[in-house]
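Chemist: run.txt is reproduced in full below (compact mmCIF, C-alpha atoms).
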# COMPACT_ATOMS: atom_id res chain seq x y z
CA MET A 1 -50.25 155.13 4.84
CA GLU A 2 -47.19 156.96 3.68
CA SER A 3 -44.08 156.48 5.79
CA LEU A 4 -42.06 159.50 6.79
CA GLN A 5 -38.34 159.15 6.20
CA PRO A 6 -36.11 158.16 7.69
CA GLN A 7 -38.08 155.68 9.76
CA LEU A 8 -38.14 156.19 13.50
CA SER A 9 -35.51 154.24 15.39
CA MET A 10 -35.67 152.76 18.88
CA LEU A 11 -33.00 151.27 21.15
CA TYR A 12 -32.97 148.53 23.77
CA ASP A 13 -29.70 149.23 25.53
CA ASP A 14 -29.03 146.09 27.62
CA LEU A 15 -30.10 142.68 26.32
CA THR A 16 -28.35 141.02 29.26
CA ALA A 17 -31.24 142.16 31.48
CA LEU A 18 -34.10 140.67 29.45
CA PRO A 19 -37.11 139.30 31.32
CA ALA A 20 -37.92 135.62 30.88
CA LEU A 21 -40.25 134.70 28.05
CA GLU A 22 -43.54 133.63 29.62
CA LEU A 23 -46.34 132.51 27.32
CA PRO A 24 -50.05 132.00 27.93
CA GLY A 25 -51.25 128.39 28.11
CA GLY A 26 -51.37 126.64 24.75
CA PHE A 27 -48.78 128.92 23.14
CA THR A 28 -45.17 128.06 22.36
CA ALA A 29 -42.16 129.86 20.90
CA ARG A 30 -39.94 128.38 18.23
CA THR A 31 -37.81 129.31 15.26
CA PHE A 32 -38.53 128.82 11.58
CA ARG A 33 -39.04 125.30 10.23
CA LYS A 34 -39.27 124.24 6.62
CA GLY A 35 -42.83 124.87 5.49
CA ASP A 36 -43.36 127.97 7.67
CA GLU A 37 -43.04 130.31 4.67
CA ILE A 38 -46.79 130.40 4.06
CA ALA A 39 -47.60 131.10 7.72
CA TRP A 40 -44.95 133.85 7.85
CA GLU A 41 -46.34 135.46 4.70
CA ALA A 42 -49.90 135.36 6.07
CA ILE A 43 -48.83 137.04 9.32
CA ILE A 44 -46.73 139.73 7.63
CA ARG A 45 -49.21 140.48 4.87
CA GLU A 46 -52.00 140.90 7.42
CA SER A 47 -49.82 142.97 9.76
CA PHE A 48 -48.44 145.27 7.08
CA ALA A 49 -51.53 145.26 4.81
CA ASN A 50 -49.23 144.38 1.93
CA GLU A 51 -49.93 141.56 -0.48
CA GLU A 52 -46.48 141.74 -2.05
CA ILE A 53 -44.25 140.70 0.85
CA GLY A 54 -43.03 137.15 0.31
CA TYR A 55 -40.67 135.07 2.40
CA GLY A 56 -38.03 135.72 -0.27
CA HIS A 57 -37.80 139.18 1.32
CA MET A 58 -36.00 137.42 4.17
CA THR A 59 -34.00 134.77 2.31
CA ARG A 60 -32.49 137.25 -0.17
CA ASP A 61 -30.85 139.17 2.68
CA PRO A 62 -27.26 137.98 3.33
CA GLU A 63 -28.03 138.07 7.08
CA TYR A 64 -30.80 135.48 6.70
CA ARG A 65 -30.62 132.44 8.95
CA PRO A 66 -33.76 130.36 9.58
CA GLU A 67 -33.00 130.30 13.31
CA ARG A 68 -33.28 134.12 13.37
CA VAL A 69 -36.98 134.00 12.45
CA TRP A 70 -39.09 133.43 15.57
CA PHE A 71 -42.72 132.45 15.92
CA ILE A 72 -45.27 132.37 18.69
CA CYS A 73 -47.55 129.43 17.93
CA ASP A 74 -51.06 128.54 19.01
CA GLY A 75 -50.55 124.80 19.26
CA ASP A 76 -48.33 124.29 16.23
CA ALA A 77 -49.77 127.13 14.12
CA PRO A 78 -47.66 130.33 13.90
CA VAL A 79 -49.68 133.41 14.87
CA ALA A 80 -46.97 136.01 15.55
CA THR A 81 -43.44 136.51 14.30
CA ALA A 82 -40.33 138.62 14.83
CA ALA A 83 -36.81 138.25 13.53
CA ALA A 84 -33.53 138.52 15.45
CA TRP A 85 -31.73 140.18 12.57
CA HIS A 86 -28.33 141.73 12.22
CA LYS A 87 -27.11 144.61 10.09
CA SER A 88 -23.36 144.84 9.62
CA GLY A 89 -23.40 148.64 9.91
CA LEU A 90 -24.62 148.37 13.50
CA GLY A 91 -21.57 146.46 14.72
CA LYS A 92 -21.28 142.95 16.15
CA GLU A 93 -22.88 143.72 19.52
CA THR A 94 -26.11 145.24 18.19
CA GLY A 95 -29.04 143.17 16.96
CA TYR A 96 -31.90 144.41 14.83
CA LEU A 97 -35.54 143.56 15.60
CA HIS A 98 -37.08 142.94 12.19
CA MET A 99 -40.45 142.09 10.60
CA VAL A 100 -42.64 141.93 13.70
CA GLY A 101 -46.18 140.82 12.92
CA LEU A 102 -49.32 139.27 14.39
CA LEU A 103 -52.53 137.81 13.00
CA HIS A 104 -55.30 140.29 13.85
CA ARG A 105 -57.53 137.73 15.54
CA TYR A 106 -54.81 137.30 18.19
CA ALA A 107 -54.53 141.02 18.99
CA GLY A 108 -54.81 142.07 22.64
CA ARG A 109 -52.84 139.14 24.07
CA ALA A 110 -49.36 140.73 23.88
CA LEU A 111 -48.22 138.02 21.44
CA GLY A 112 -46.41 140.55 19.23
CA ALA A 113 -44.45 141.56 22.31
CA LYS A 114 -43.79 137.89 23.11
CA ALA A 115 -42.51 137.26 19.56
CA SER A 116 -40.26 140.32 19.89
CA LEU A 117 -38.96 139.13 23.24
CA ALA A 118 -38.27 135.65 21.82
CA ALA A 119 -36.28 137.26 19.00
CA MET A 120 -34.39 139.41 21.51
CA HIS A 121 -33.44 136.27 23.47
CA GLY A 122 -32.24 134.90 20.12
CA MET A 123 -30.02 137.96 19.75
CA VAL A 124 -28.48 137.22 23.15
CA GLN A 125 -27.71 133.67 21.96
CA GLU A 126 -25.74 135.28 19.11
CA GLY A 127 -23.77 137.48 21.52
CA ARG A 128 -25.64 140.74 20.96
CA ARG A 129 -25.66 143.20 23.86
CA ARG A 130 -28.22 145.73 22.59
CA ALA A 131 -30.94 145.94 19.96
CA VAL A 132 -32.42 148.54 17.65
CA LEU A 133 -35.51 148.61 15.47
CA ASP A 134 -37.10 150.87 12.90
CA THR A 135 -40.80 151.71 12.77
CA ASP A 136 -43.25 154.15 11.26
CA ASP A 137 -44.91 157.11 12.95
CA PHE A 138 -48.43 155.76 12.30
CA ARG A 139 -47.76 152.40 13.96
CA ILE A 140 -48.91 153.59 17.37
CA PRO A 141 -49.85 150.12 18.74
CA ALA A 142 -46.41 148.81 17.72
CA ILE A 143 -44.67 151.79 19.32
CA LYS A 144 -46.60 151.12 22.55
CA THR A 145 -45.46 147.49 22.41
CA TYR A 146 -41.83 148.50 21.96
CA LEU A 147 -42.02 151.04 24.79
CA ASN A 148 -43.58 148.37 27.04
CA LEU A 149 -40.66 146.07 26.20
CA GLY A 150 -38.19 148.78 27.26
CA TYR A 151 -37.14 150.29 23.93
CA ILE A 152 -36.55 154.04 23.91
CA PRO A 153 -36.54 156.50 20.99
CA ARG A 154 -33.21 156.96 19.23
CA LEU A 155 -32.78 160.05 17.09
CA VAL A 156 -31.21 159.32 13.71
CA HIS A 157 -32.35 162.49 11.90
CA GLU A 158 -33.15 166.05 12.92
CA ASN A 159 -36.78 165.73 11.76
CA GLN A 160 -37.48 163.07 14.37
CA LEU A 161 -37.65 165.23 17.48
CA ALA A 162 -40.87 166.90 16.28
CA ARG A 163 -42.21 163.52 15.14
CA TRP A 164 -41.57 161.93 18.55
CA ARG A 165 -43.24 164.91 20.24
CA ALA A 166 -46.34 164.36 18.09
CA ILE A 167 -46.35 160.65 18.87
CA ALA A 168 -45.93 161.27 22.61
CA ALA A 169 -49.00 163.51 22.52
CA GLN A 170 -51.02 160.63 20.98
CA LEU A 171 -49.77 157.97 23.38
CA GLY A 172 -51.15 159.29 26.65
CA GLU A 173 -49.38 160.12 29.91
CA GLY A 174 -48.14 156.64 30.86
CA TYR A 175 -46.40 156.25 27.52
CA ARG A 176 -45.47 159.93 27.24
CA SER A 177 -43.29 159.59 30.33
CA ARG A 178 -41.54 156.56 28.78
CA VAL A 179 -40.73 158.58 25.68
CA ALA A 180 -39.71 161.62 27.76
CA ARG A 181 -37.20 159.64 29.85
CA THR A 182 -34.92 159.64 26.83
CA ASP A 183 -32.68 162.54 25.87
CA LEU A 184 -35.36 163.84 23.50
CA ASN A 185 -36.32 166.64 25.93
CA LEU A 186 -39.98 166.34 24.98
CA ASP A 187 -41.06 168.64 27.78
CA ALA A 188 -39.03 171.56 26.42
CA GLY A 189 -40.68 174.13 24.23
CA SER A 190 -44.10 175.67 24.21
CA GLY A 191 -47.42 174.81 25.82
CA SER A 192 -48.59 171.65 24.05
CA ASP A 193 -45.24 169.96 24.60
CA ARG A 194 -45.34 170.39 28.35
CA ALA A 195 -46.51 167.59 30.65
Render the structure in this file as structure tokens.

Modeler:
Amino acid sequence: MESLQPQLSMLYDDLTALPALELPGGFTARTFRKGDEIAWEAIIRESFANEEIGYGHMTRDPEYRPERVWFICDGDAPVATAAAWHKSGLGKETGYLHMVGLLHRYAGRALGAKASLAAMHGMVQEGRRRAVLDTDDFRIPAIKTYLNLGYIPRLVHENQLARWRAIAAQLGEGYRSRVARTDLNLDAGSGSDRA
């Protein structure tokens, strides 16, 4: 699917209030270890339907640190990942949730959310106070996950208000109210935008 530009942005405003990371039995959280490149690539390629993403995508970035790449593992096998990244343009106190992915056979267990939460705890360890992420309009399950974690839409371009309104209409009432609690004023305007 084609991504609209710029990507949608979301904000988690207070990392100091994160819930504890609780995992289902048999699952553990850990950071990258030598040899995890193949598992990371398998997760990301399956999640993004892209055969061209290699682990070099991460290591070429000057912000790369192996301890910023988190995994949720079934036993010792990585099945979900998220990175506690940083972008210098965001300032020292803001982390960036990056490259969140999950093997499809593990869908429905909130493991993508758990990987994201592990990465967010990693951001706290680095002294970050808030987090942002970028996503695409068509990634509705991911947007639901981020809303469930407590992220809210963050407008970074004038074309995004209409895009968030369209997404809110697809999400259903429970999620629509989470989007509407932001300053996006999604209930303003004509008929179809009203709750």

Chemist: Point out the residue among A:Ala42, A:Ala77, A:Ala166, A:Leu97 with the least atom-to-atom distance to Gly122 (chain A), counting all atoms listed in the file.

Modeler: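 Of the candidates, the smallest distance to Gly122 (chain A) is held by A:Leu97.
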
Chemist: Of the residues A:Arg109, A:Leu102, A:Arg68, A:Glu51, which is the one nearest to Gly25 (chain A), using all atoms listed in the file?

Modeler: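 Nearest candidate to Gly25 (chain A) out of A:Arg109, A:Leu102, A:Arg68, A:Glu51: A:Arg109.
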
Chemist: Could you please give me, as a list in words, the residues of protein, DNA or RNA lying at most 9 Å from (-32.4, 144.4, 16.8) in the coordinate frame of the file, considering all atoms listed in the file?

Modeler: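 Checking each residue against the 9 Å limit leaves Leu11, Tyr12, Ala83, Ala84, Trp85, His86, Lys87, Thr94, Gly95, Tyr96, Leu97, His98, Ala119, Met120, Met123, Arg128, Arg130, Ala131, Val132, Leu133 and Asp134 of chain A.
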
Chemist: Could you list, as a list in words, every residue within 8 Å of Tyr151 (chain A), counting all atoms listed in the file and ignoring same-chain residues fewer than 2 positions away?

Modeler: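 Contacts, in chain order: Met10, Leu11, Tyr12, Asp13, Tyr146, Leu147, Asn148, Leu149 and Pro153 of chain A.
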
Chemist: Just to confirm, what's the straight-line distance from CA of Arg139 (chain A) to CA of Glu173 (chain A) in Å (one decimal)?

Modeler: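 Computed distance, CA of Arg139 (chain A) to CA of Glu173 (chain A), equals 17.8 Å.
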
Chemist: Could you check how far CA of Val100 (chain A) sits from CA of Ser47 (chain A), in Å to one decimal?

Modeler: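 Rounded to one decimal, the two atoms are 8.3 Å apart.
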
Chemist: Please compute the CA of Tyr175 (chain A)-CA of Leu8 (chain A) distance, one decimal, in Å.

Modeler: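 Between CA of Tyr175 (chain A) and CA of Leu8 (chain A) the gap works out to 16.3 Å.
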
Chemist: Which residues are near Phe71 (chain A)? Cut-off 8 Å, all atoms listed in the file, ignore same chain within fewer than 6 positions. Put them as a PyMOL selection string.

Modeler: chain A and resi 29-32+78-82+115

Chemist: I'd like the neighbourhood of Lys114 (chain A) as a list in words, where a residue qualifies if any of its atoms comes within 7 Å (using only C-alpha atoms), though same-chain residues fewer than 4 positions away should be ignored.

Modeler: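 Contacts, with the query itself left out: Leu21, Ala110 and Ala118 of chain A.
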
Chemist: Can I get the selection written as a CSV table (one decimal), keeping the file's coordinate frame, with C-alpha atoms?

Modeler:
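Ended up saving to selection-v1.csv:
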chain,number,residue,atom,x,y,z
A,21,LEU,CA,-40.2,134.7,28.0
A,110,ALA,CA,-49.4,140.7,23.9
A,118,ALA,CA,-38.3,135.6,21.8

Chemist: Could you check which of A:Leu111, A:Leu90, A:Met99, A:Val179 is closest to Trp164 (chain A), using all atoms listed in the file?

Modeler: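 Checking each candidate against Trp164 (chain A), we get A:Val179 as the closest.
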
Chemist: Go through A:Asp14, A:Glu67, A:Ser9, A:Arg165 and flag the residue nearest Glu126 (chain A), using all atoms listed in the file for the distances.

Modeler: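 Under the stated criterion, the closest residue is A:Glu67.
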
Chemist: May I ask which of the residues A:Ala49, A:Gly89, A:Phe27, A:Glu41 is the closest one to Glu63 (chain A), counting only C-alpha atoms?

Modeler: A:Gly89

Chemist: Find the residue from A:Leu23, A:Ile143, A:Arg178, A:Arg154 that sits nearest to Gly75 (chain A); use all atoms listed in the file when measuring.

Modeler: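 Checking each of A:Leu23, A:Ile143, A:Arg178, A:Arg154 against Gly75 (chain A), counting all atoms listed in the file, the winner is A:Leu23.
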
Chemist: Box for region 141-158 of chain A: with edges along x, y and z, all listed atoms inside and 3 Å added on each side, what are the centre and edge lengths in Å to one decimal, as AutoDock Vina command-line options?

Modeler:
--center_x -40.5 --center_y 156.1 --center_z 19.6 --size_x 24.6 --size_y 26.0 --size_z 21.4

Chemist: Neighbours of Pro6 (chain A) within 10 Å (all atoms listed in the file; same-chain residues fewer than 3 positions away dropped), as a ChimeraX atom specification?

Modeler: /A:3,9,134-136,156-160

Chemist: So that I can check the surroundings of Ile140 (chain A), please list as an MDAnalysis selection string every protein, DNA and RNA residue that reaches within 8 Å of it, counting all atoms listed in the file and ignoring chain neighbours fewer than 4 positions away.

Modeler: chainID A and resid 144 167 171

Chemist: Kindly save the residues from that selection, with C-alpha atoms included, as a PDB file, in the coordinates of the input.

Modeler:
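This went into out.pdb:
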ATOM      1  CA  LYS A 144     -46.600 151.120  22.550  1.00  0.00           C
ATOM      2  CA  ILE A 167     -46.350 160.650  18.870  1.00  0.00           C
ATOM      3  CA  LEU A 171     -49.770 157.970  23.380  1.00  0.00           C
TER       4      LEU A 171
END
